[in-house]
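Asker: As input, take model.pdb (PDB, C-alpha atoms and all ligand atoms):
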MODEL        1
ATOM      1  CA  MET S   1       5.004 -14.419 -24.225
ATOM      2  CA  GLY S   2       6.422 -11.364 -22.492
ATOM      3  CA  ASN S   3       3.015 -10.427 -21.156
ATOM      4  CA  ARG S   4       2.654 -13.740 -19.349
ATOM      5  CA  LEU S   5       5.443 -12.594 -17.052
ATOM      6  CA  PHE S   6       3.014 -10.038 -15.623
ATOM      7  CA  ASP S   7      -0.066 -12.292 -15.684
ATOM      8  CA  LEU S   8      -1.804 -12.650 -12.317
ATOM      9  CA  THR S   9      -4.622 -14.922 -13.485
ATOM     10  CA  GLY S  10      -5.812 -17.081 -10.604
ATOM     11  CA  ARG S  11      -3.665 -15.290  -8.006
ATOM     12  CA  ILE S  12      -5.393 -14.062  -4.872
ATOM     13  CA  ALA S  13      -4.385 -10.544  -3.853
ATOM     14  CA  LEU S  14      -5.262  -8.488  -0.775
ATOM     15  CA  VAL S  15      -4.826  -4.706  -0.888
ATOM     16  CA  THR S  16      -5.296  -3.143   2.544
ATOM     17  CA  GLY S  17      -7.173   0.139   2.475
ATOM     18  CA  SER S  18      -8.708  -0.530  -0.948
ATOM     19  CA  SER S  19     -12.183   0.776  -0.131
ATOM     20  CA  ARG S  20     -11.038   4.125  -1.599
ATOM     21  CA  GLY S  21      -8.073   6.166  -2.772
ATOM     22  CA  ILE S  22      -4.841   4.726  -4.102
ATOM     23  CA  GLY S  23      -5.591   1.241  -2.719
ATOM     24  CA  LYS S  24      -8.782   1.030  -4.736
ATOM     25  CA  ALA S  25      -6.931   1.975  -7.930
ATOM     26  CA  LEU S  26      -4.193  -0.588  -7.199
ATOM     27  CA  ALA S  27      -6.859  -3.248  -6.602
ATOM     28  CA  ALA S  28      -8.437  -2.422  -9.973
ATOM     29  CA  GLY S  29      -5.018  -2.699 -11.635
ATOM     30  CA  LEU S  30      -4.356  -6.110 -10.080
ATOM     31  CA  VAL S  31      -7.808  -7.255 -11.245
ATOM     32  CA  ASP S  32      -7.016  -6.061 -14.791
ATOM     33  CA  ALA S  33      -3.855  -8.208 -14.624
ATOM     34  CA  GLY S  34      -6.054 -11.230 -13.789
ATOM     35  CA  ALA S  35      -5.994 -11.389  -9.987
ATOM     36  CA  THR S  36      -8.843 -12.367  -7.719
ATOM     37  CA  ILE S  37      -9.087  -9.425  -5.361
ATOM     38  CA  VAL S  38      -9.819  -9.101  -1.664
ATOM     39  CA  LEU S  39     -10.862  -5.515  -0.985
ATOM     40  CA  HIS S  40     -10.275  -4.218   2.517
ATOM     41  CA  GLY S  41     -11.002  -1.312   4.840
ATOM     42  CA  ALA S  42     -12.203  -0.535   8.338
ATOM     43  CA  ASN S  43     -15.515   1.153   7.505
ATOM     44  CA  THR S  44     -17.882  -1.615   6.359
ATOM     45  CA  GLU S  45     -20.241   0.685   4.427
ATOM     46  CA  ARG S  46     -17.452   2.182   2.310
ATOM     47  CA  LEU S  47     -16.018  -1.297   1.777
ATOM     48  CA  GLU S  48     -19.362  -2.713   0.674
ATOM     49  CA  SER S  49     -19.845   0.137  -1.763
ATOM     50  CA  ALA S  50     -16.404  -0.576  -3.322
ATOM     51  CA  ARG S  51     -17.196  -4.309  -3.449
ATOM     52  CA  ALA S  52     -20.487  -3.627  -5.247
ATOM     53  CA  GLU S  53     -18.685  -1.375  -7.751
ATOM     54  CA  PHE S  54     -16.094  -4.083  -8.548
ATOM     55  CA  SER S  55     -18.758  -6.831  -8.653
ATOM     56  CA  ASP S  56     -20.650  -4.958 -11.379
ATOM     57  CA  ARG S  57     -17.905  -5.686 -13.893
ATOM     58  CA  LEU S  58     -16.429  -8.950 -12.596
ATOM     59  CA  PRO S  59     -17.583 -12.571 -12.545
ATOM     60  CA  ALA S  60     -18.665 -13.916  -9.151
ATOM     61  CA  GLY S  61     -15.676 -15.226  -7.232
ATOM     62  CA  ARG S  62     -13.215 -12.617  -8.554
ATOM     63  CA  VAL S  63     -14.007 -10.022  -5.871
ATOM     64  CA  HIS S  64     -14.188 -10.427  -2.097
ATOM     65  CA  ALA S  65     -14.170  -8.055   0.853
ATOM     66  CA  ALA S  66     -12.687  -8.327   4.326
ATOM     67  CA  ALA S  67     -13.094  -5.613   6.969
ATOM     68  CA  PHE S  68     -10.653  -5.558   9.855
ATOM     69  CA  ASP S  69      -8.599  -3.055  11.831
ATOM     70  CA  ILE S  70      -4.980  -3.369  10.696
ATOM     71  CA  THR S  71      -3.751  -1.996  14.029
ATOM     72  CA  ASP S  72      -5.407  -4.781  16.054
ATOM     73  CA  SER S  73      -3.245  -7.915  16.164
ATOM     74  CA  LYS S  74      -6.129 -10.340  16.885
ATOM     75  CA  ALA S  75      -8.368  -8.790  14.214
ATOM     76  CA  VAL S  76      -5.535  -9.105  11.665
ATOM     77  CA  THR S  77      -4.959 -12.791  12.501
ATOM     78  CA  ASP S  78      -8.681 -13.514  12.196
ATOM     79  CA  GLY S  79      -8.945 -11.496   8.960
ATOM     80  CA  ILE S  80      -6.040 -13.246   7.217
ATOM     81  CA  ASN S  81      -7.265 -16.675   8.402
ATOM     82  CA  TRP S  82     -10.734 -15.844   7.042
ATOM     83  CA  ILE S  83      -9.242 -15.033   3.628
ATOM     84  CA  GLU S  84      -7.146 -18.221   3.569
ATOM     85  CA  GLU S  85     -10.156 -20.377   4.512
ATOM     86  CA  ASN S  86     -12.882 -18.691   2.484
ATOM     87  CA  VAL S  87     -11.153 -17.208  -0.560
ATOM     88  CA  GLY S  88      -7.995 -19.322  -0.906
ATOM     89  CA  PRO S  89      -4.212 -19.033  -0.633
ATOM     90  CA  LEU S  90      -3.134 -15.401  -0.408
ATOM     91  CA  GLU S  91      -0.317 -14.881  -2.906
ATOM     92  CA  VAL S  92      -0.034 -11.104  -3.140
ATOM     93  CA  LEU S  93      -0.323  -8.708  -0.199
ATOM     94  CA  VAL S  94      -0.213  -4.944  -0.710
ATOM     95  CA  ASN S  95       0.216  -3.093   2.600
ATOM     96  CA  ASN S  96      -1.375   0.159   1.477
ATOM     97  CA  ALA S  97      -3.704   1.438   4.229
ATOM     98  CA  GLY S  98      -2.338   4.492   5.972
ATOM     99  CA  ILE S  99      -3.168   7.825   7.575
ATOM    100  CA  GLN S 100      -1.675  11.299   7.806
ATOM    101  CA  HIS S 101      -1.670  13.741  10.735
ATOM    102  CA  ARG S 102      -0.339  17.268  10.255
ATOM    103  CA  VAL S 103       0.836  19.292  13.257
ATOM    104  CA  PRO S 104       4.130  20.974  14.240
ATOM    105  CA  MET S 105       6.234  18.614  16.350
ATOM    106  CA  LEU S 106       6.106  20.748  19.506
ATOM    107  CA  ASP S 107       2.304  20.461  19.448
ATOM    108  CA  LEU S 108       2.269  16.749  18.605
ATOM    109  CA  GLU S 109       0.528  14.586  21.226
ATOM    110  CA  VAL S 110       2.054  11.179  21.907
ATOM    111  CA  GLU S 111      -1.358   9.555  21.257
ATOM    112  CA  ASP S 112      -1.306  10.958  17.713
ATOM    113  CA  TRP S 113       2.324   9.927  17.211
ATOM    114  CA  ASP S 114       1.406   6.374  18.328
ATOM    115  CA  ARG S 115      -1.717   6.265  16.137
ATOM    116  CA  VAL S 116       0.211   7.179  12.970
ATOM    117  CA  ILE S 117       3.108   4.822  13.732
ATOM    118  CA  ARG S 118       0.652   2.019  14.482
ATOM    119  CA  THR S 119      -1.430   2.579  11.345
ATOM    120  CA  ASP S 120       1.398   3.291   8.882
ATOM    121  CA  LEU S 121       4.158   0.998  10.191
ATOM    122  CA  THR S 122       3.080  -1.520  12.855
ATOM    123  CA  SER S 123       0.146  -2.568  10.636
ATOM    124  CA  ALA S 124       2.533  -3.701   7.878
ATOM    125  CA  PHE S 125       4.324  -5.871  10.436
ATOM    126  CA  LEU S 126       1.018  -7.310  11.730
ATOM    127  CA  VAL S 127      -0.586  -8.001   8.338
ATOM    128  CA  GLY S 128       2.760  -9.042   6.817
ATOM    129  CA  ARG S 129       3.457 -11.446   9.679
ATOM    130  CA  GLU S 130       0.101 -13.213   9.363
ATOM    131  CA  ALA S 131       0.179 -13.341   5.555
ATOM    132  CA  GLY S 132       3.839 -14.399   5.748
ATOM    133  CA  ARG S 133       2.982 -17.346   7.992
ATOM    134  CA  HIS S 134       0.821 -18.855   5.232
ATOM    135  CA  MET S 135       3.092 -17.823   2.341
ATOM    136  CA  LEU S 136       6.151 -19.368   3.993
ATOM    137  CA  GLN S 137       4.377 -22.726   4.324
ATOM    138  CA  ARG S 138       3.822 -22.667   0.544
ATOM    139  CA  GLY S 139       7.303 -21.327  -0.274
ATOM    140  CA  SER S 140       6.010 -18.395  -2.348
ATOM    141  CA  GLY S 141       4.382 -15.001  -1.966
ATOM    142  CA  LYS S 142       4.727 -11.310  -2.780
ATOM    143  CA  ILE S 143       4.453  -8.502  -0.254
ATOM    144  CA  ILE S 144       4.416  -4.905  -1.486
ATOM    145  CA  ASN S 145       4.680  -2.134   1.098
ATOM    146  CA  ILE S 146       3.354   1.268   0.043
ATOM    147  CA  CYS S 147       5.950   3.785   1.187
ATOM    148  CA  SER S 148       6.230   7.445   0.109
ATOM    149  CA  VAL S 149       8.800  10.049  -0.933
ATOM    150  CA  GLN S 150       8.711  10.714   2.819
ATOM    151  CA  THR S 151      10.518   7.375   3.138
ATOM    152  CA  ASP S 152      13.564   9.435   2.084
ATOM    153  CA  LEU S 153      12.620  13.099   2.423
ATOM    154  CA  ALA S 154      11.207  14.907   5.443
ATOM    155  CA  ARG S 155       8.786  17.813   5.520
ATOM    156  CA  PRO S 156       7.699  19.988   8.442
ATOM    157  CA  THR S 157       4.527  19.036  10.398
ATOM    158  CA  ILE S 158       4.402  15.331   9.487
ATOM    159  CA  ALA S 159       7.028  13.804  11.824
ATOM    160  CA  PRO S 160       5.258  10.519  12.644
ATOM    161  CA  TYR S 161       4.443   9.922   8.966
ATOM    162  CA  VAL S 162       8.086  10.520   7.962
ATOM    163  CA  ALA S 163       9.278   8.200  10.754
ATOM    164  CA  ALA S 164       6.730   5.508   9.842
ATOM    165  CA  LYS S 165       7.425   5.608   6.098
ATOM    166  CA  GLY S 166      11.192   5.519   6.703
ATOM    167  CA  GLY S 167      10.640   2.568   9.028
ATOM    168  CA  LEU S 168       8.567   0.831   6.386
ATOM    169  CA  ARG S 169      11.563   0.771   4.061
ATOM    170  CA  ASN S 170      13.651  -0.989   6.710
ATOM    171  CA  LEU S 171      10.768  -3.325   7.605
ATOM    172  CA  THR S 172      10.786  -4.283   3.894
ATOM    173  CA  ARG S 173      14.483  -5.137   4.306
ATOM    174  CA  ALA S 174      13.912  -6.971   7.613
ATOM    175  CA  MET S 175      11.218  -9.153   6.025
ATOM    176  CA  THR S 176      13.618  -9.804   3.132
ATOM    177  CA  ALA S 177      16.383 -10.811   5.555
ATOM    178  CA  GLU S 178      14.160 -13.460   7.159
ATOM    179  CA  TRP S 179      11.942 -14.642   4.318
ATOM    180  CA  ALA S 180      13.678 -14.180   0.936
ATOM    181  CA  SER S 181      15.474 -17.524   1.167
ATOM    182  CA  GLN S 182      12.100 -19.240   1.531
ATOM    183  CA  GLY S 183      10.636 -18.005  -1.746
ATOM    184  CA  LEU S 184       9.065 -14.701  -0.740
ATOM    185  CA  GLN S 185       9.728 -11.361  -2.437
ATOM    186  CA  ILE S 186       9.092  -8.304  -0.287
ATOM    187  CA  ASN S 187       9.434  -4.900  -1.934
ATOM    188  CA  GLY S 188       7.952  -1.436  -1.723
ATOM    189  CA  ILE S 189       6.874   1.424  -3.916
ATOM    190  CA  ALA S 190       7.311   5.033  -2.860
ATOM    191  CA  PRO S 191       4.794   7.304  -4.590
ATOM    192  CA  GLY S 192       5.507  10.994  -4.964
ATOM    193  CA  TYR S 193       2.765  13.605  -5.151
ATOM    194  CA  ILE S 194      -0.282  11.917  -6.630
ATOM    195  CA  HIS S 195      -3.295  13.791  -7.985
ATOM    196  CA  THR S 196      -6.285  12.235  -6.193
ATOM    197  CA  GLU S 197      -9.533  13.508  -4.688
ATOM    198  CA  MET S 198      -7.564  14.046  -1.469
ATOM    199  CA  THR S 199      -4.935  16.255  -3.118
ATOM    200  CA  GLN S 200      -7.338  18.174  -5.431
ATOM    201  CA  ASN S 201      -7.182  21.164  -3.041
ATOM    202  CA  LEU S 202      -3.372  21.225  -3.421
ATOM    203  CA  VAL S 203      -3.639  20.992  -7.212
ATOM    204  CA  ASP S 204      -6.059  23.929  -7.088
ATOM    205  CA  ASP S 205      -3.672  25.935  -4.876
ATOM    206  CA  ASP S 206      -1.616  27.920  -7.427
ATOM    207  CA  ALA S 207       1.409  28.396  -5.169
ATOM    208  CA  PHE S 208       1.624  24.727  -4.136
ATOM    209  CA  ASN S 209       0.897  23.504  -7.652
ATOM    210  CA  SER S 210       3.724  25.642  -9.098
ATOM    211  CA  TRP S 211       6.078  24.376  -6.404
ATOM    212  CA  ILE S 212       5.251  20.755  -7.321
ATOM    213  CA  LEU S 213       5.671  21.368 -11.059
ATOM    214  CA  GLY S 214       9.010  23.095 -10.493
ATOM    215  CA  ARG S 215      10.269  20.602  -7.902
ATOM    216  CA  THR S 216       9.378  17.487  -9.940
ATOM    217  CA  PRO S 217      11.790  16.731 -12.805
ATOM    218  CA  ALA S 218       8.885  15.198 -14.770
ATOM    219  CA  ALA S 219       7.087  18.557 -14.264
ATOM    220  CA  ARG S 220       3.713  17.042 -13.409
ATOM    221  CA  TRP S 221       1.707  15.402 -10.654
ATOM    222  CA  GLY S 222       1.643  11.603 -10.565
ATOM    223  CA  THR S 223      -1.580   9.724 -11.246
ATOM    224  CA  VAL S 224      -2.842   6.544  -9.620
ATOM    225  CA  GLU S 225      -2.356   4.871 -13.015
ATOM    226  CA  ASP S 226       1.372   5.620 -12.707
ATOM    227  CA  LEU S 227       1.466   3.318  -9.658
ATOM    228  CA  VAL S 228      -0.370   0.349 -11.167
ATOM    229  CA  GLY S 229       2.381  -0.955 -13.485
ATOM    230  CA  PRO S 230       5.050  -1.151 -10.755
ATOM    231  CA  VAL S 231       2.626  -2.900  -8.358
ATOM    232  CA  VAL S 232       1.592  -5.453 -11.010
ATOM    233  CA  TRP S 233       5.287  -6.031 -11.739
ATOM    234  CA  LEU S 234       6.147  -6.516  -8.050
ATOM    235  CA  GLY S 235       3.131  -8.816  -7.631
ATOM    236  CA  SER S 236       4.023 -10.969 -10.633
ATOM    237  CA  GLU S 237       6.714 -13.476 -11.629
ATOM    238  CA  ALA S 238       8.461 -10.713 -13.566
ATOM    239  CA  SER S 239       9.994  -9.613 -10.239
ATOM    240  CA  ASN S 240      11.044 -13.015  -8.891
ATOM    241  CA  PHE S 241      14.658 -11.915  -8.225
ATOM    242  CA  VAL S 242      13.798  -8.442  -6.900
ATOM    243  CA  ASN S 243      14.210  -8.495  -3.131
ATOM    244  CA  GLY S 244      13.949  -5.779  -0.502
ATOM    245  CA  GLN S 245      13.804  -2.823  -2.906
ATOM    246  CA  VAL S 246      11.765   0.340  -2.646
ATOM    247  CA  ILE S 247      10.989   1.764  -6.090
ATOM    248  CA  PHE S 248      10.390   5.530  -6.113
ATOM    249  CA  ILE S 249       7.552   6.547  -8.444
ATOM    250  CA  ASP S 250       7.883  10.276  -8.035
ATOM    251  CA  GLY S 251       8.760  11.773 -11.414
ATOM    252  CA  GLY S 252      12.344  12.073 -10.151
ATOM    253  CA  MET S 253      11.586  14.292  -7.134
ATOM    254  CA  SER S 254      13.773  12.281  -4.750
ATOM    255  CA  VAL S 255      16.886  12.337  -6.954
ATOM    256  CA  VAL S 256      17.127  15.990  -7.993
ATOM    257  CA  VAL S 257      17.386  19.102  -5.805
TER     258      VAL S 257
HETATM  259  P1  LIG B   1      -6.999   7.202   1.777
HETATM  260  O1  LIG B   1      -7.115   8.040   2.997
HETATM  261  O2  LIG B   1      -7.715   7.627   0.530
HETATM  262  O3  LIG B   1      -7.477   5.704   2.118
HETATM  263  C1  LIG B   1      -6.977   5.054   3.249
HETATM  264  C2  LIG B   1      -7.463   3.616   3.264
HETATM  265  O4  LIG B   1      -6.882   2.964   4.408
HETATM  266  C3  LIG B   1      -8.981   3.500   3.421
HETATM  267  O5  LIG B   1      -9.436   2.399   2.662
HETATM  268  C4  LIG B   1      -9.136   3.235   4.926
HETATM  269  O6  LIG B   1     -10.283   2.497   5.261
HETATM  270  C5  LIG B   1      -7.905   2.397   5.205
HETATM  271  N1  LIG B   1      -7.528   2.427   6.618
HETATM  272  C6  LIG B   1      -6.995   3.457   7.328
HETATM  273  N2  LIG B   1      -6.791   3.092   8.612
HETATM  274  C7  LIG B   1      -7.214   1.796   8.723
HETATM  275  C8  LIG B   1      -7.283   0.862   9.790
HETATM  276  N3  LIG B   1      -6.853   1.163  11.032
HETATM  277  N4  LIG B   1      -7.777  -0.380   9.540
HETATM  278  C9  LIG B   1      -8.198  -0.697   8.301
HETATM  279  N5  LIG B   1      -8.166   0.136   7.237
HETATM  280  C10 LIG B   1      -7.681   1.371   7.448
HETATM  281  O7  LIG B   1      -5.419   7.007   1.536
HETATM  282  P2  LIG B   1      -4.534   7.243   0.213
HETATM  283  O8  LIG B   1      -5.122   6.505  -0.928
HETATM  284  O9  LIG B   1      -4.253   8.691   0.052
HETATM  285  O10 LIG B   1      -3.154   6.550   0.641
HETATM  286  C11 LIG B   1      -2.937   5.167   0.533
HETATM  287  C12 LIG B   1      -1.468   4.864   0.861
HETATM  288  O11 LIG B   1      -0.625   5.537  -0.053
HETATM  289  C13 LIG B   1      -1.051   5.328   2.257
HETATM  290  O12 LIG B   1      -0.163   4.382   2.811
HETATM  291  C14 LIG B   1      -0.346   6.637   1.984
HETATM  292  O13 LIG B   1       0.594   6.945   2.978
HETATM  293  C15 LIG B   1       0.319   6.306   0.676
HETATM  294  N6  LIG B   1       0.674   7.499  -0.120
HETATM  295  C16 LIG B   1      -0.302   8.388  -0.529
HETATM  296  C17 LIG B   1       0.041   9.474  -1.315
HETATM  297  C18 LIG B   1      -1.011  10.431  -1.811
HETATM  298  O14 LIG B   1      -0.676  11.340  -2.576
HETATM  299  N7  LIG B   1      -2.286  10.262  -1.436
HETATM  300  C19 LIG B   1       1.428   9.717  -1.729
HETATM  301  C20 LIG B   1       2.368   8.726  -1.208
HETATM  302  C21 LIG B   1       1.972   7.655  -0.453
HETATM  303  P3  LIG B   1     -11.669   3.238   5.653
HETATM  304  O15 LIG B   1     -12.237   3.732   4.360
HETATM  305  O16 LIG B   1     -12.478   2.169   6.271
HETATM  306  O17 LIG B   1     -11.294   4.352   6.581
ENDMDL
END
How would this structure read if it were set down as structure tokens?

Answerer:
Amino acid sequence: MGNRLFDLTGRIALVTGSSRGIGKALAAGLVDAGATIVLHGANTERLESARAEFSDRLPAGRVHAAAFDITDSKAVTDGINWIEENVGPLEVLVNNAGIQHRVPMLDLEVEDWDRVIRTDLTSAFLVGREAGRHMLQRGSGKIINICSVQTDLARPTIAPYVAAKGGLRNLTRAMTAEWASQGLQINGIAPGYIHTEMTQNLVDDDAFNSWILGRTPAARWGTVEDLVGPVVWLGSEASNFVNGQVIFIDGGMSVVV
């Protein structure tokens, strides 16, 4: 009985940026919980390769793919409308796609600042607004914004990322302020340092790796599997009275100095 609380059978979920990385792992986790998944990315070849991989182990109809640029308002509207018309009612949206840009602030070009803010923050407004339009008509829906420990903690050389991820927490609250009374739950997760292909070089760097192990109360890197449970929870009925929260999944890094 308890497990039914987390059951997503028949629910349609879109994870932005699920052609690779964390988004792909979250999409797989939502599928394991029963969801019909819409994979997403900008690069159509990478997206198609992820779709083919998912299709190998899923019945037809459980996996779909939509390519659109999350920073382009018109493309987002068309993309969400396509999903609603061709896949069905979107019930779970995970705003995951994002980018990083590392440079000291004095050398930071405004174009790069704008690009990161647009990709990591404005996109969640654009995709959330269009998905929200449909969800509000039905009086239900779950939006999960993928934040970061940088939602709370700054680091040198990543100013626009820190600003965007901090903004994403308050966007989560702003969406809650307007939409919670109409049946939507909007929450976020804030992953700490996650061992992925992208961070393998940091894991292999003895000095950085020791810093992470010492700085993280759980004394280890996170894994993408660590993120799946909280996302399934926030996408399911088990979280129906959880509104506007950002859950830190960081082995305790953000609460201990
Ligand atoms: P990746 O770089 O592995 O993947 C990014 C995904 O976003 C890709 O699918 C990419 O599509 C898509 N994407 C990027 N820009 C756009 C765009 N303009 N339009 C459409 N799709 C786009 O990212 P990660 O898996 O590392 O990170 C995912 C999220 O998790 C991000 O929000 C990140 O900030 C957050 N995060 C990551 C951590 C980590 O340790 N990696 C830790 C904490 C948070 P395409 O393949 O077509 O380029």

Asker: Go through S:Val149, S:Ala66, S:Ala207, S:Ala174 one by one, measure the shortest atom-to-atom distance of each to ligand LIG 1 (chain B) using all atoms listed in the file, and give the residue with the smallest value.

Answerer: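 Once distances to ligand LIG 1 (chain B) are computed over all atoms listed in the file, the minimum belongs to S:Val149.
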
Asker: Give as a PDB file with C-alpha atoms, keeping the file's coordinate frame the set of residues within 7 Å of the point (-15.8, -8.9, -1.2), where distances use the file's coordinates and all atoms listed in the file.

Answerer:
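Final file, point-v6.pdb:
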ATOM      1  CA  VAL S  38      -9.819  -9.101  -1.664  1.00  0.00           C
ATOM      2  CA  LEU S  39     -10.862  -5.515  -0.985  1.00  0.00           C
ATOM      3  CA  ARG S  51     -17.196  -4.309  -3.449  1.00  0.00           C
ATOM      4  CA  VAL S  63     -14.007 -10.022  -5.871  1.00  0.00           C
ATOM      5  CA  HIS S  64     -14.188 -10.427  -2.097  1.00  0.00           C
ATOM      6  CA  ALA S  65     -14.170  -8.055   0.853  1.00  0.00           C
ATOM      7  CA  ALA S  66     -12.687  -8.327   4.326  1.00  0.00           C
TER       8      ALA S  66
END

Asker: Using the chain letters and numbers from the file, give me the residues hit by the PyMOL selection byres (((chain S and resi 67) around 8) and not hetatm), as a ChimeraX atom specification.

Answerer: /S:40-44,47,65-66,68-69,79

Asker: Grab me every residue within 6 Å of ligand LIG 1 (chain B), counting all atoms listed in the file, and send it over as a list of chain:residue names.

Answerer: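 Checking all atoms listed in the file against ligand LIG 1 (chain B) at 6 Å gives S:Gly17, S:Ser18, S:Ser19, S:Arg20, S:Gly21, S:Ile22, S:Gly23, S:Gly41, S:Ala42, S:Asn43, S:Arg46, S:Phe68, S:Asp69, S:Ile70, S:Thr71, S:Asn96, S:Ala97, S:Gly98, S:Ile99, S:Thr119, S:Ile146, S:Cys147, S:Ser148, S:Pro191, S:Gly192, S:Tyr193, S:Ile194.
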
Asker: So that I can check the surroundings of Leu106 of chain S, please list as a list in words every protein, DNA and RNA residue that reaches within 12 Å of it, counting only C-alpha atoms and ignoring chain neighbours fewer than 3 positions away.

Answerer: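 Counting only the stated atoms, we get Arg102, Val103, Glu109, Val110, Trp113, Pro156, Thr157, Ile158 and Ala159 of chain S.
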
Asker: Could you tell me which residues the PyMOL selection byres (((chain S and resi 187) around 7) and not hetatm) returns for this structure, as a list in words?

Answerer: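 Applied to this file, the PyMOL selection byres (((chain S and resi 187) around 7) and not hetatm) returns Ile143, Ile144, Asn145, Thr172, Gln185, Ile186, Gly188, Asn243, Gly244, Gln245 and Val246 of chain S.
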
Asker: Please, what distance in Å, to one decimal, runs between atom CA of Glu225 of chain S and atom CA of Ile249 of chain S?

Answerer: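 Between atom CA of Glu225 of chain S and atom CA of Ile249 of chain S the gap works out to 11.0 Å.
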
Asker: Please measure the separation of atom CA of Ala13 of chain S and atom CA of Pro89 of chain S, giving the value in Å to one decimal.

Answerer: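 These two atoms are separated by 9.1 Å.
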
Asker: Nearest to Leu58 of chain S among S:Asp32, S:Asp204, S:Glu237, S:Leu126, with distances taken over all atoms listed in the file: which residue is it?

Answerer: S:Asp32

Asker: Evaluated on this file, the PyMOL selection byres (((chain S and resi 151) around 9) and not hetatm) picks out some residues - which ones are they, written as a VMD selection string?

Answerer: chain S and resid 147 to 150 152 to 154 161 to 169 190

Asker: Got time to write the residues from that selection, C-alpha atoms, as a CSV table (one decimal), in the coordinates of the input?

Answerer:
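Output (again37.csv):
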chain,number,residue,atom,x,y,z
S,147,CYS,CA,6.0,3.8,1.2
S,148,SER,CA,6.2,7.4,0.1
S,149,VAL,CA,8.8,10.0,-0.9
S,150,GLN,CA,8.7,10.7,2.8
S,152,ASP,CA,13.6,9.4,2.1
S,153,LEU,CA,12.6,13.1,2.4
S,154,ALA,CA,11.2,14.9,5.4
S,161,TYR,CA,4.4,9.9,9.0
S,162,VAL,CA,8.1,10.5,8.0
S,163,ALA,CA,9.3,8.2,10.8
S,164,ALA,CA,6.7,5.5,9.8
S,165,LYS,CA,7.4,5.6,6.1
S,166,GLY,CA,11.2,5.5,6.7
S,167,GLY,CA,10.6,2.6,9.0
S,168,LEU,CA,8.6,0.8,6.4
S,169,ARG,CA,11.6,0.8,4.1
S,190,ALA,CA,7.3,5.0,-2.9

Asker: Rounded to one decimal in Å, what is the spacing between atom CA of Phe248 of chain S and atom CA of Ile189 of chain S?

Answerer: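 Pair atom CA of Phe248 of chain S / atom CA of Ile189 of chain S returns 5.8 Å.
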
Asker: Measuring between only C-alpha atoms, which one of S:Gln182, S:Thr36, S:Thr223, S:Ser49 shows the shortest distance to Ile12 of chain S?

Answerer: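 Selected residue with least distance to Ile12 of chain S: S:Thr36.
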
Asker: Could you check the closest approach to Asp72 of chain S for each of S:Ala124, S:Val242, S:Leu5, S:Val224 and tell me which residue wins, using all atoms listed in the file?

Answerer: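 Between S:Ala124, S:Val242, S:Leu5, S:Val224, the residue approaching Asp72 of chain S most closely is S:Ala124.
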
Asker: From the options S:Val257, S:Asp114, S:Ser55, S:Gly229, which residue's atoms come nearest to Gly214 of chain S, counting all atoms listed in the file?

Answerer: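 Answer, going by the shortest atom-to-atom distance: S:Val257.
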
Asker: Which residues are close to segment 216-222 of chain S, i.e. within 10 Å by all atoms listed in the file, leaving aside same-chain residues fewer than 4 positions away? Reply as a list in words.

Answerer: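 Skipping anything fewer than 4 positions along the chain leaves Pro191, Gly192, Tyr193, Ile194, His195, Thr196, Val203, Asn209, Ser210, Trp211, Ile212, Asp226, Leu227, Ile249, Asp250, Gly251, Gly252, Met253, Ser254, Val255, Val256 and Val257 of chain S.
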
Asker: Any chance you could export the current selection's C-alpha atoms as an mmCIF file, in the frame of the given file?

Answerer:
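Okay, again-v8.cif is ready:
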data_model
loop_
_atom_site.group_PDB
_atom_site.id
_atom_site.type_symbol
_atom_site.label_atom_id
_atom_site.label_comp_id
_atom_site.auth_asym_id
_atom_site.auth_seq_id
_atom_site.Cartn_x
_atom_site.Cartn_y
_atom_site.Cartn_z
ATOM 1 C CA PRO S 191 4.794 7.304 -4.590
ATOM 2 C CA GLY S 192 5.507 10.994 -4.964
ATOM 3 C CA TYR S 193 2.765 13.605 -5.151
ATOM 4 C CA ILE S 194 -0.282 11.917 -6.630
ATOM 5 C CA HIS S 195 -3.295 13.791 -7.985
ATOM 6 C CA THR S 196 -6.285 12.235 -6.193
ATOM 7 C CA VAL S 203 -3.639 20.992 -7.212
ATOM 8 C CA ASN S 209 0.897 23.504 -7.652
ATOM 9 C CA SER S 210 3.724 25.642 -9.098
ATOM 10 C CA TRP S 211 6.078 24.376 -6.404
ATOM 11 C CA ILE S 212 5.251 20.755 -7.321
ATOM 12 C CA ASP S 226 1.372 5.620 -12.707
ATOM 13 C CA LEU S 227 1.466 3.318 -9.658
ATOM 14 C CA ILE S 249 7.552 6.547 -8.444
ATOM 15 C CA ASP S 250 7.883 10.276 -8.035
ATOM 16 C CA GLY S 251 8.760 11.773 -11.414
ATOM 17 C CA GLY S 252 12.344 12.073 -10.151
ATOM 18 C CA MET S 253 11.586 14.292 -7.134
ATOM 19 C CA SER S 254 13.773 12.281 -4.750
ATOM 20 C CA VAL S 255 16.886 12.337 -6.954
ATOM 21 C CA VAL S 256 17.127 15.990 -7.993
ATOM 22 C CA VAL S 257 17.386 19.102 -5.805
#
